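Participant: The structure file start.cif (mmCIF, C-alpha atoms and all ligand atoms) is provided below.
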```cif
data_start
loop_
_atom_site.label_atom_id
_atom_site.label_comp_id
_atom_site.auth_asym_id
_atom_site.auth_seq_id
_atom_site.Cartn_x
_atom_site.Cartn_y
_atom_site.Cartn_z
CA SER C 1 -17.62 44.09 -14.27
CA ARG C 2 -20.53 43.12 -12.05
CA SER C 3 -23.09 43.29 -14.79
CA SER C 4 -21.13 41.16 -17.26
CA SER C 5 -22.86 38.13 -18.68
CA PRO C 6 -22.04 34.73 -17.20
CA PRO C 7 -19.14 32.79 -18.71
CA ARG C 8 -20.05 29.95 -21.04
CA ILE C 9 -19.91 26.41 -19.68
CA ARG C 10 -17.99 24.03 -21.88
CA ARG C 11 -17.29 20.32 -21.73
CA LEU C 12 -13.66 19.50 -20.85
CA GLU C 13 -11.75 17.33 -23.26
CA ALA C 14 -11.44 13.72 -22.14
CA SER C 15 -7.66 13.98 -22.00
CA VAL C 16 -7.90 16.93 -19.59
CA VAL C 17 -10.43 15.12 -17.39
CA ASN C 18 -8.26 12.03 -17.33
CA ARG C 19 -5.09 13.89 -16.45
CA ILE C 20 -6.81 15.75 -13.60
CA ALA C 21 -8.23 12.50 -12.20
CA ALA C 22 -4.87 10.75 -12.64
CA GLY C 23 -3.11 13.43 -10.61
CA GLU C 24 -5.45 12.63 -7.74
CA VAL C 25 -4.99 8.86 -7.81
CA ILE C 26 -1.22 9.12 -8.31
CA GLN C 27 -0.27 11.98 -6.03
CA ARG C 28 3.41 11.10 -5.77
CA PRO C 29 5.83 8.34 -6.79
CA SER C 30 5.19 6.35 -3.59
CA ALA C 31 1.46 6.29 -4.43
CA ALA C 32 2.28 4.72 -7.78
CA VAL C 33 4.43 2.11 -6.06
CA LYS C 34 1.61 1.27 -3.66
CA GLU C 35 -0.79 0.69 -6.56
CA LEU C 36 1.76 -1.44 -8.43
CA VAL C 37 2.61 -3.58 -5.41
CA GLU C 38 -1.09 -4.06 -4.66
CA ASN C 39 -1.60 -5.24 -8.23
CA SER C 40 1.23 -7.73 -7.70
CA LEU C 41 -0.42 -8.96 -4.50
CA ASP C 42 -3.75 -9.28 -6.32
CA ALA C 43 -1.98 -11.34 -9.00
CA ALA C 44 -1.05 -13.97 -6.37
CA SER C 45 2.66 -13.20 -6.48
CA THR C 46 5.14 -14.60 -3.99
CA SER C 47 7.94 -12.18 -4.85
CA VAL C 48 7.83 -8.46 -5.49
CA SER C 49 10.85 -6.32 -6.22
CA VAL C 50 10.96 -2.58 -6.56
CA SER C 51 13.63 -0.45 -8.15
CA VAL C 52 13.64 3.34 -8.08
CA LYS C 53 15.60 6.05 -9.87
CA ASP C 54 15.61 9.72 -8.89
CA GLY C 55 13.01 9.32 -6.15
CA GLY C 56 10.71 7.65 -8.67
CA LEU C 57 10.50 10.65 -11.01
CA LYS C 58 12.89 9.13 -13.52
CA LEU C 59 11.96 5.46 -13.13
CA LEU C 60 9.84 3.06 -11.12
CA LEU C 61 10.17 -0.64 -11.78
CA VAL C 62 7.98 -3.22 -10.04
CA SER C 63 8.47 -6.89 -10.91
CA ASP C 64 6.43 -9.81 -9.65
CA ASP C 65 6.03 -13.53 -10.21
CA GLY C 66 2.24 -13.50 -10.35
CA HIS C 67 -0.21 -14.90 -12.89
CA GLY C 68 0.59 -12.34 -15.57
CA ILE C 69 -1.76 -10.64 -18.02
CA ARG C 70 -3.40 -12.27 -21.03
CA HIS C 71 -2.21 -11.18 -24.46
CA GLU C 72 -5.81 -10.44 -25.51
CA ASP C 73 -6.31 -8.09 -22.52
CA LEU C 74 -3.28 -5.92 -23.29
CA PRO C 75 -5.16 -3.53 -25.62
CA ILE C 76 -7.50 -2.36 -22.81
CA LEU C 77 -5.13 -2.88 -19.86
CA CYS C 78 -4.47 0.83 -19.35
CA GLU C 79 -7.86 2.25 -20.25
CA ARG C 80 -9.72 3.92 -17.41
CA HIS C 81 -12.19 1.67 -15.60
CA THR C 82 -10.96 -1.64 -16.97
CA THR C 83 -10.47 -4.29 -14.29
CA SER C 84 -10.53 -8.04 -13.78
CA LYS C 85 -11.58 -7.60 -10.13
CA LEU C 86 -14.99 -5.97 -9.93
CA SER C 87 -17.98 -6.45 -12.15
CA LYS C 88 -20.96 -5.07 -10.28
CA TYR C 89 -21.31 -2.43 -7.59
CA GLU C 90 -22.42 -4.96 -4.97
CA ASP C 91 -19.07 -6.76 -5.32
CA LEU C 92 -17.48 -3.85 -3.45
CA GLN C 93 -19.04 -5.14 -0.28
CA THR C 94 -17.22 -8.47 -0.35
CA ILE C 95 -14.20 -7.63 -2.45
CA LYS C 96 -10.97 -9.24 -1.29
CA SER C 97 -8.61 -7.74 -3.84
CA MET C 98 -6.78 -4.48 -3.14
CA GLY C 99 -7.82 -3.01 -6.46
CA PHE C 100 -11.30 -2.62 -7.84
CA ARG C 101 -11.52 0.63 -9.77
CA GLY C 102 -9.39 -0.09 -12.78
CA GLU C 103 -7.83 3.32 -12.48
CA ALA C 104 -4.28 2.89 -11.30
CA LEU C 105 -2.52 1.78 -14.48
CA ALA C 106 -4.61 4.13 -16.59
CA SER C 107 -3.70 7.03 -14.31
CA MET C 108 0.00 6.25 -14.63
CA THR C 109 -0.24 6.44 -18.43
CA TYR C 110 -1.76 9.94 -18.20
CA VAL C 111 1.07 11.28 -16.03
CA GLY C 112 4.00 9.10 -17.12
CA HIS C 113 5.23 6.57 -19.66
CA VAL C 114 4.25 3.01 -18.85
CA THR C 115 5.82 -0.15 -20.26
CA VAL C 116 4.45 -3.57 -19.35
CA THR C 117 6.27 -6.88 -19.77
CA THR C 118 4.24 -9.96 -18.91
CA ILE C 119 3.99 -13.68 -19.43
CA THR C 120 1.23 -16.09 -18.49
CA GLU C 121 1.64 -19.72 -17.51
CA GLY C 122 2.40 -22.17 -20.30
CA GLN C 123 3.55 -19.53 -22.79
CA LEU C 124 6.91 -19.77 -24.53
CA HIS C 125 7.47 -16.05 -24.57
CA GLY C 126 6.08 -12.93 -23.03
CA TYR C 127 4.96 -9.61 -24.46
CA ARG C 128 6.15 -6.08 -24.02
CA VAL C 129 4.06 -3.03 -24.78
CA SER C 130 4.09 0.69 -23.94
CA TYR C 131 1.17 2.95 -23.19
CA ARG C 132 0.38 6.66 -23.27
CA ASP C 133 -2.83 8.38 -22.25
CA GLY C 134 -4.65 5.07 -21.79
CA VAL C 135 -3.79 3.54 -25.14
CA MET C 136 -1.21 1.09 -26.50
CA GLU C 137 1.49 2.80 -28.50
CA HIS C 138 2.08 -0.26 -30.69
CA GLU C 139 1.18 -3.94 -30.97
CA PRO C 140 2.61 -6.03 -28.09
CA LYS C 141 6.07 -7.28 -29.04
CA PRO C 142 7.04 -10.88 -28.23
CA CYS C 143 9.98 -10.96 -25.84
CA ALA C 144 11.82 -13.20 -23.40
CA ALA C 145 10.24 -13.02 -19.96
CA VAL C 146 10.36 -14.69 -16.58
CA LYS C 147 7.16 -15.67 -14.76
CA GLY C 148 4.92 -12.75 -13.93
CA THR C 149 4.73 -9.09 -14.75
CA GLN C 150 7.08 -6.15 -14.78
CA ILE C 151 5.71 -2.63 -14.87
CA MET C 152 7.98 0.27 -15.64
CA VAL C 153 6.90 3.87 -15.17
CA GLU C 154 9.21 6.50 -16.61
CA ASN C 155 9.22 10.27 -16.30
CA LEU C 156 6.37 10.50 -13.85
CA PHE C 157 4.59 13.90 -13.97
CA TYR C 158 6.50 14.90 -17.12
CA ASN C 159 3.35 16.78 -18.15
CA MET C 160 2.57 18.33 -14.75
CA ALA C 161 5.19 21.04 -14.31
CA ALA C 162 4.04 22.25 -10.90
CA ARG C 163 3.83 18.75 -9.42
CA ARG C 164 7.27 17.86 -10.72
CA LYS C 165 8.78 21.01 -9.31
CA THR C 166 7.19 20.54 -5.88
CA LEU C 167 8.44 16.97 -5.72
CA GLN C 168 11.92 17.95 -6.90
CA ASN C 169 12.17 20.65 -4.26
CA SER C 170 10.95 18.49 -1.40
CA ASN C 171 12.83 15.48 -0.11
CA ASP C 172 12.63 12.74 -2.66
CA ASP C 173 10.09 9.99 -2.27
CA TYR C 174 12.56 7.14 -1.94
CA PRO C 175 12.35 6.96 1.88
CA LYS C 176 8.56 6.84 1.59
CA ILE C 177 8.85 3.97 -0.87
CA VAL C 178 11.23 2.09 1.45
CA ASP C 179 8.77 2.68 4.30
CA LEU C 180 5.90 1.35 2.21
CA ILE C 181 7.72 -1.82 1.18
CA SER C 182 8.84 -2.32 4.79
CA ARG C 183 5.21 -2.35 5.89
CA PHE C 184 4.14 -4.80 3.21
CA ALA C 185 7.10 -7.03 4.03
CA VAL C 186 6.09 -7.24 7.71
CA HIS C 187 2.46 -8.05 6.98
CA TYR C 188 3.01 -10.39 4.03
CA MET C 189 5.71 -12.30 5.86
CA ASN C 190 5.39 -15.33 3.58
CA MET C 191 6.45 -13.34 0.55
CA ASN C 192 9.79 -12.05 -0.69
CA PHE C 193 10.17 -8.30 -1.00
CA SER C 194 13.02 -6.16 -2.12
CA CYS C 195 13.43 -2.46 -2.64
CA ARG C 196 16.52 -0.75 -3.99
CA LYS C 197 17.74 2.29 -5.84
CA TYR C 198 18.07 1.52 -9.54
CA GLY C 199 21.50 0.12 -10.35
CA SER C 200 22.46 -0.40 -6.73
CA ASN C 201 23.35 -3.91 -5.65
CA ARG C 202 22.40 -3.18 -2.07
CA ALA C 203 18.71 -3.56 -1.26
CA ASP C 204 17.27 -1.24 1.39
CA VAL C 205 14.53 -3.73 2.17
CA HIS C 206 15.06 -7.40 1.59
CA THR C 207 12.90 -10.11 3.11
CA VAL C 208 12.64 -13.80 2.42
CA GLY C 209 9.26 -15.38 3.02
CA GLY C 210 8.67 -18.14 5.50
CA SER C 211 9.94 -16.49 8.64
CA SER C 212 7.87 -15.61 11.69
CA ARG C 213 6.25 -12.19 12.06
CA LEU C 214 8.84 -11.19 14.62
CA ASP C 215 11.62 -12.32 12.29
CA ALA C 216 10.12 -10.20 9.54
CA ILE C 217 10.01 -7.18 11.84
CA ARG C 218 13.60 -7.85 12.90
CA THR C 219 14.79 -8.12 9.31
CA VAL C 220 13.10 -4.88 8.29
CA TYR C 221 13.24 -2.69 11.40
CA GLY C 222 16.25 -4.16 13.18
CA ALA C 223 16.99 -6.32 16.21
CA SER C 224 16.78 -3.42 18.64
CA VAL C 225 13.14 -2.81 17.70
CA ALA C 226 12.17 -6.50 17.66
CA ARG C 227 13.70 -7.00 21.11
CA ASP C 228 11.33 -4.51 22.71
CA LEU C 229 8.08 -5.86 21.30
CA MET C 230 5.25 -7.81 22.92
CA GLU C 231 2.71 -9.91 21.12
CA ILE C 232 -0.88 -8.83 21.51
CA SER C 233 -4.23 -10.15 20.36
CA VAL C 234 -7.88 -9.44 21.06
CA SER C 235 -10.99 -10.83 19.61
CA ASP C 236 -14.43 -9.56 20.24
CA ASP C 237 -17.32 -11.64 19.13
CA ASN C 238 -20.01 -9.93 21.10
CA PRO C 239 -22.69 -10.05 18.40
CA THR C 240 -24.19 -6.69 19.34
CA ARG C 241 -20.96 -4.97 18.44
CA SER C 242 -18.71 -5.39 15.48
CA ILE C 243 -17.13 -8.79 15.23
CA PHE C 244 -13.42 -8.38 14.95
CA LYS C 245 -10.04 -9.83 15.60
CA MET C 246 -6.88 -7.88 16.19
CA GLU C 247 -3.38 -9.24 16.49
CA GLY C 248 0.01 -7.72 16.38
CA PHE C 249 3.11 -6.57 18.18
CA ILE C 250 3.45 -3.49 20.35
CA SER C 251 6.47 -1.89 21.96
CA ASN C 252 7.11 -2.31 25.67
CA SER C 253 8.38 0.20 28.21
CA ASN C 254 12.02 -0.23 27.14
CA TYR C 255 11.37 1.00 23.63
CA LEU C 256 12.47 4.55 22.91
CA ALA C 257 11.48 6.58 19.87
CA LYS C 258 10.55 10.15 19.06
CA LYS C 259 8.06 9.18 16.37
CA THR C 260 5.25 6.65 16.35
CA THR C 261 5.54 3.81 13.89
CA MET C 262 2.10 2.44 13.24
CA ILE C 263 1.81 -0.34 10.69
CA LEU C 264 -1.88 -0.99 10.26
CA PHE C 265 -3.58 -3.56 8.07
CA ILE C 266 -7.34 -3.89 8.03
CA ASN C 267 -8.54 -6.98 6.20
CA ASP C 268 -5.03 -7.26 4.75
CA ARG C 269 -5.13 -3.75 3.31
CA LEU C 270 -2.46 -1.28 4.30
CA VAL C 271 -4.39 1.70 5.63
CA ASP C 272 -4.17 4.73 7.90
CA CYS C 273 -6.58 5.37 10.71
CA THR C 274 -5.72 8.63 12.40
CA ALA C 275 -8.25 8.15 15.21
CA LEU C 276 -6.81 4.76 16.13
CA LYS C 277 -3.24 6.03 16.01
CA ARG C 278 -4.08 8.93 18.34
CA ALA C 279 -5.92 6.57 20.69
CA VAL C 280 -2.92 4.25 20.89
CA GLU C 281 -0.51 7.13 21.50
CA LEU C 282 -2.77 8.29 24.30
CA VAL C 283 -2.63 4.93 26.05
CA TYR C 284 1.16 4.95 25.87
CA SER C 285 1.56 8.46 27.23
CA ALA C 286 -0.90 7.73 30.03
CA THR C 287 0.51 4.34 31.01
CA LEU C 288 4.26 4.57 30.58
CA PRO C 289 6.28 7.16 32.45
CA LYS C 290 8.80 7.60 29.64
CA ALA C 291 7.88 10.00 26.90
CA SER C 292 8.46 7.49 24.16
CA LYS C 293 6.26 7.06 21.11
CA PRO C 294 5.21 3.47 20.38
CA PHE C 295 5.99 0.98 17.64
CA ILE C 296 2.84 -0.82 16.60
CA TYR C 297 2.18 -3.53 14.07
CA MET C 298 -1.51 -4.31 14.03
CA SER C 299 -3.62 -6.49 11.81
CA ILE C 300 -7.38 -6.15 12.19
CA ASN C 301 -9.93 -8.40 10.60
CA LEU C 302 -13.56 -7.40 10.30
CA PRO C 303 -16.47 -8.70 8.29
CA SER C 304 -16.00 -7.02 4.92
CA ASP C 305 -19.37 -5.24 5.15
CA HIS C 306 -18.03 -3.39 8.20
CA VAL C 307 -15.32 -1.65 6.22
CA ASP C 308 -15.93 0.95 3.53
CA VAL C 309 -12.91 0.82 1.27
CA ASN C 310 -14.25 3.33 -1.20
CA ILE C 311 -14.01 6.65 0.65
CA HIS C 312 -10.84 7.94 -0.94
CA PRO C 313 -9.26 7.70 -4.41
CA THR C 314 -5.98 6.47 -2.95
CA LYS C 315 -7.87 3.91 -0.81
CA ARG C 316 -5.48 4.77 2.02
CA GLU C 317 -8.17 5.84 4.49
CA VAL C 318 -11.02 3.47 5.19
CA SER C 319 -14.08 4.02 7.31
CA LEU C 320 -15.16 1.45 9.87
CA LEU C 321 -18.52 0.59 11.29
CA ASN C 322 -18.60 1.03 15.09
CA GLN C 323 -15.22 2.69 14.96
CA ASP C 324 -15.49 4.14 18.48
CA SER C 325 -16.23 0.90 20.26
CA LEU C 326 -13.56 -0.86 18.26
CA ILE C 327 -10.99 1.75 19.27
CA ASP C 328 -12.10 1.43 22.91
CA THR C 329 -11.56 -2.31 22.86
CA ILE C 330 -8.12 -1.97 21.33
CA GLN C 331 -7.17 0.76 23.80
CA SER C 332 -8.15 -1.42 26.77
CA ALA C 333 -6.22 -4.38 25.41
CA ILE C 334 -3.08 -2.32 24.94
CA GLU C 335 -3.44 -0.71 28.34
CA ALA C 336 -3.81 -4.08 30.05
CA LYS C 337 -0.79 -5.44 28.20
CA LEU C 338 1.37 -2.45 29.11
CA MET C 339 0.33 -2.53 32.78
CA SER C 340 1.00 -6.23 33.15
CA SER C 341 4.39 -6.03 31.45
CA ASN C 342 5.33 -3.00 33.47
CA SER C 343 4.43 -4.62 36.78
CA THR C 344 6.21 -7.83 35.81
CA ARG C 345 9.31 -5.82 35.12
CA ILE C 346 9.15 -3.98 38.41
CA PHE C 347 8.41 -7.20 40.22
CA GLN C 348 11.39 -8.89 38.59
CA THR C 349 13.78 -6.11 39.50
CA GLN C 350 12.53 -6.16 43.08
CA VAL C 351 13.18 -9.90 43.34
P1 LIG C 401 -7.50 -2.59 -10.53
O1 LIG C 401 -6.36 -3.10 -9.71
O2 LIG C 401 -8.39 -1.67 -9.76
O3 LIG C 401 -8.24 -3.69 -11.23
P2 LIG C 401 -5.43 -1.44 -12.19
O4 LIG C 401 -5.43 -0.30 -13.13
O5 LIG C 401 -4.52 -1.35 -11.03
O6 LIG C 401 -6.92 -1.65 -11.70
O7 LIG C 401 -5.13 -2.76 -13.01
C1 LIG C 401 -5.98 -3.12 -14.09
C2 LIG C 401 -5.96 -4.61 -14.33
O8 LIG C 401 -4.69 -5.00 -14.84
C3 LIG C 401 -6.15 -5.46 -13.07
O9 LIG C 401 -7.54 -5.66 -12.81
C4 LIG C 401 -5.43 -6.73 -13.44
O10 LIG C 401 -6.27 -7.61 -14.14
C5 LIG C 401 -4.34 -6.28 -14.40
N1 LIG C 401 -3.01 -6.17 -13.72
C6 LIG C 401 -2.42 -5.04 -13.28
N2 LIG C 401 -1.21 -5.29 -12.73
C7 LIG C 401 -1.04 -6.63 -12.79
C8 LIG C 401 0.01 -7.52 -12.37
N3 LIG C 401 1.12 -7.08 -11.77
N4 LIG C 401 -0.16 -8.85 -12.63
C9 LIG C 401 -1.28 -9.30 -13.25
N5 LIG C 401 -2.30 -8.51 -13.67
C10 LIG C 401 -2.19 -7.19 -13.45
MG MG C 402 -4.82 -1.95 -8.99
#
```
Kindly present the structure from the file in structure tokens form.
Facilitator:
Amino acid sequence: SRSSSPPRIRRLEASVVNRIAAGEVIQRPSAAVKELVENSLDAASTSVSVSVKDGGLKLLLVSDDGHGIRHEDLPILCERHTTSKLSKYEDLQTIKSMGFRGEALASMTYVGHVTVTTITEGQLHGYRVSYRDGVMEHEPKPCAAVKGTQIMVENLFYNMAARRKTLQNSNDDYPKIVDLISRFAVHYMNMNFSCRKYGSNRADVHTVGGSSRLDAIRTVYGASVARDLMEISVSDDNPTRSIFKMEGFISNSNYLAKKTTMILFINDRLVDCTALKRAVELVYSATLPKASKPFIYMSINLPSDHVDVNIHPTKREVSLLNQDSLIDTIQSAIEAKLMSSNSTRIFQTQV
């Protein structure tokens, strides 16, 4: 009733707090894969392979050939807020690594079963150890291992009935995972990436480092996409505005698609920027007569203090200083490129 006394406020148990937070960092299997691949990139790997069972709900396996994890760090590896990347708040401003919060692996242990196999340089054998709720389940066991680290996540969301059900009822996350690895493979063209369903001998993404950007796009997205792309670059070093460099590939007037593909990296981080995507779509619809959505691969580099990477737990959205003027500059560059290519084409057909 209205006059009842207020309910008591109680402190939540740490395990409850951790599971709630974990569900936010790891929203779906593809989010776990993104965190794992970013850890592999941070570990200076040259090869990353991903294997997925049951849309990632049964099994996610990410293997790399990076620097590995020290035996003495294994006990705290999956605790919340343990990281080798950040030590003081100010580091956030200049941080080059993808990770910094020390939350990803911990989160996975609160919503799934995590097993780590790793070996560091010069060791005769590696170690394997499993984690639950942030802690090691047993002492690391010596095992045979190849260079780098393999992280296995089993039974994701086993303890979150609603999440599991929603994911099981929707389309499985495997296409999202393929899409994610495709994007990384295009940007990190000097690395090897593979992504497959567990047990399948056919990879759905498979790139070998050392090719050109266009080759990487061709390998991942197909020759018909690569054929209709134009190279673009802009740099703006007007000191009163943000200093930035943009380079990439954009589709020309022959390209036909119902959906926009926008692969965006800002300071080598895979991100989304809805405002930029809309702005680019607008240029295409205003410049090209055909109602086709564009294909865009764009890599933007800004001084690191112009990008705030810490606005979202998944780190997928970033906020940019002078975002409006930056978008204007990119819009003009794309418009100019489309106009010139269009007129060249018309000119050529007339001749
Ligand atoms: P963060 O990436 O924010 O530091 P994570 O929970 O993702 O936090 O990882 C915790 C730590 O574990 C990292 O700082 C890193 O030292 C180590 N680590 C995780 N994955 C790998 C990997 N694949 N190779 C080497 N070290 C790793
Ligand atoms: Mg990380």
Participant: Quick one: residues within 6 Å of segment 106-116 of chain C, only C-alpha atoms, excluding same-chain residues fewer than 4 positions away - as number ranges by chain?
Facilitator: C: 19, 22, 78-80, 128-134, 150-157
Participant: Could you list, as a VMD selection string, every residue within 9 Å of Met262 of chain C, counting all atoms listed in the file and ignoring same-chain residues fewer than 3 positions away?
Facilitator: chain C and resid 272 277 294 to 298
Participant: So which residues fall inside 12 Å of (15.1, -2.7, 9.8) if we count all atoms listed in the file? Mind giving them as a VMD selection string?
Facilitator: chain C and resid 178 to 179 181 to 183 185 to 186 203 to 207 214 to 226
Participant: So that each row is one residue of chain C with an atom at most 10 Å from ligand MG 402 (chain C), can you give its shortest atom pair and the distance in Å to one decimal, using all atoms listed in the file, rows by chain and rising number, as CSV?
Facilitator:
```
residue,atom,partner,partner_atom,distance
C:Ala32,CA,C:MG402,MG,9.8
C:Lys34,CA,C:MG402,MG,9.0
C:Glu35,CA,C:MG402,MG,5.4
C:Leu36,CA,C:MG402,MG,6.6
C:Val37,CA,C:MG402,MG,8.4
C:Glu38,CA,C:MG402,MG,6.1
C:Asn39,CA,C:MG402,MG,4.7
C:Ser40,CA,C:MG402,MG,8.5
C:Leu41,CA,C:MG402,MG,9.4
C:Asp42,CA,C:MG402,MG,7.9
C:Ala43,CA,C:MG402,MG,9.8
C:Thr83,CA,C:MG402,MG,8.1
C:Ser84,CA,C:MG402,MG,9.6
C:Lys85,CA,C:MG402,MG,8.9
C:Ser97,CA,C:MG402,MG,8.6
C:Met98,CA,C:MG402,MG,6.7
C:Gly99,CA,C:MG402,MG,4.1
C:Phe100,CA,C:MG402,MG,6.6
C:Arg101,CA,C:MG402,MG,7.2
C:Gly102,CA,C:MG402,MG,6.2
C:Glu103,CA,C:MG402,MG,7.0
C:Ala104,CA,C:MG402,MG,5.4
C:Leu105,CA,C:MG402,MG,7.0
C:Ala106,CA,C:MG402,MG,9.7
```
Participant: With 5 Å of padding per side, what axis-aligned box (centre and edge lengths, Å, one decimal) covers all the listed atoms of ligand LIG 401 (chain C)? Give it as lines of an AutoDock Vina configuration file.
Facilitator:
```
center_x = -3.6
center_y = -4.8
center_z = -12.3
size_x = 19.5
size_y = 19.0
size_z = 15.1
```
Participant: Between atom CA of Cys273 of chain C and atom CA of Lys293 of chain C, what is the distance in Å, rounded to a tenth?
Facilitator: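 Atom-to-atom, atom CA of Cys273 of chain C and atom CA of Lys293 of chain C are spaced 16.6 Å apart.
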Participant: (17.8, -4.5, -5.2) in this file's frame - what residues fall within 12 Å of it? Use only C-alpha atoms and give the answer as a list of chain:residue names.
Facilitator: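 Result, sorted by chain then residue number: C:Val48, C:Ser49, C:Val50, C:Ser51, C:Val52, C:Lys53, C:Leu61, C:Val62, C:Ser63, C:Val178, C:Asn192, C:Phe193, C:Ser194, C:Cys195, C:Arg196, C:Lys197, C:Tyr198, C:Gly199, C:Ser200, C:Asn201, C:Arg202, C:Ala203, C:Asp204, C:Val205, C:His206, C:Thr207.
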Participant: Considering all atoms listed in the file, state which residue in the set C:Thr149, C:Pro289, C:Gly56, C:Gly126 is at the smallest distance from ligand LIG 401 (chain C).
Facilitator: C:Thr149
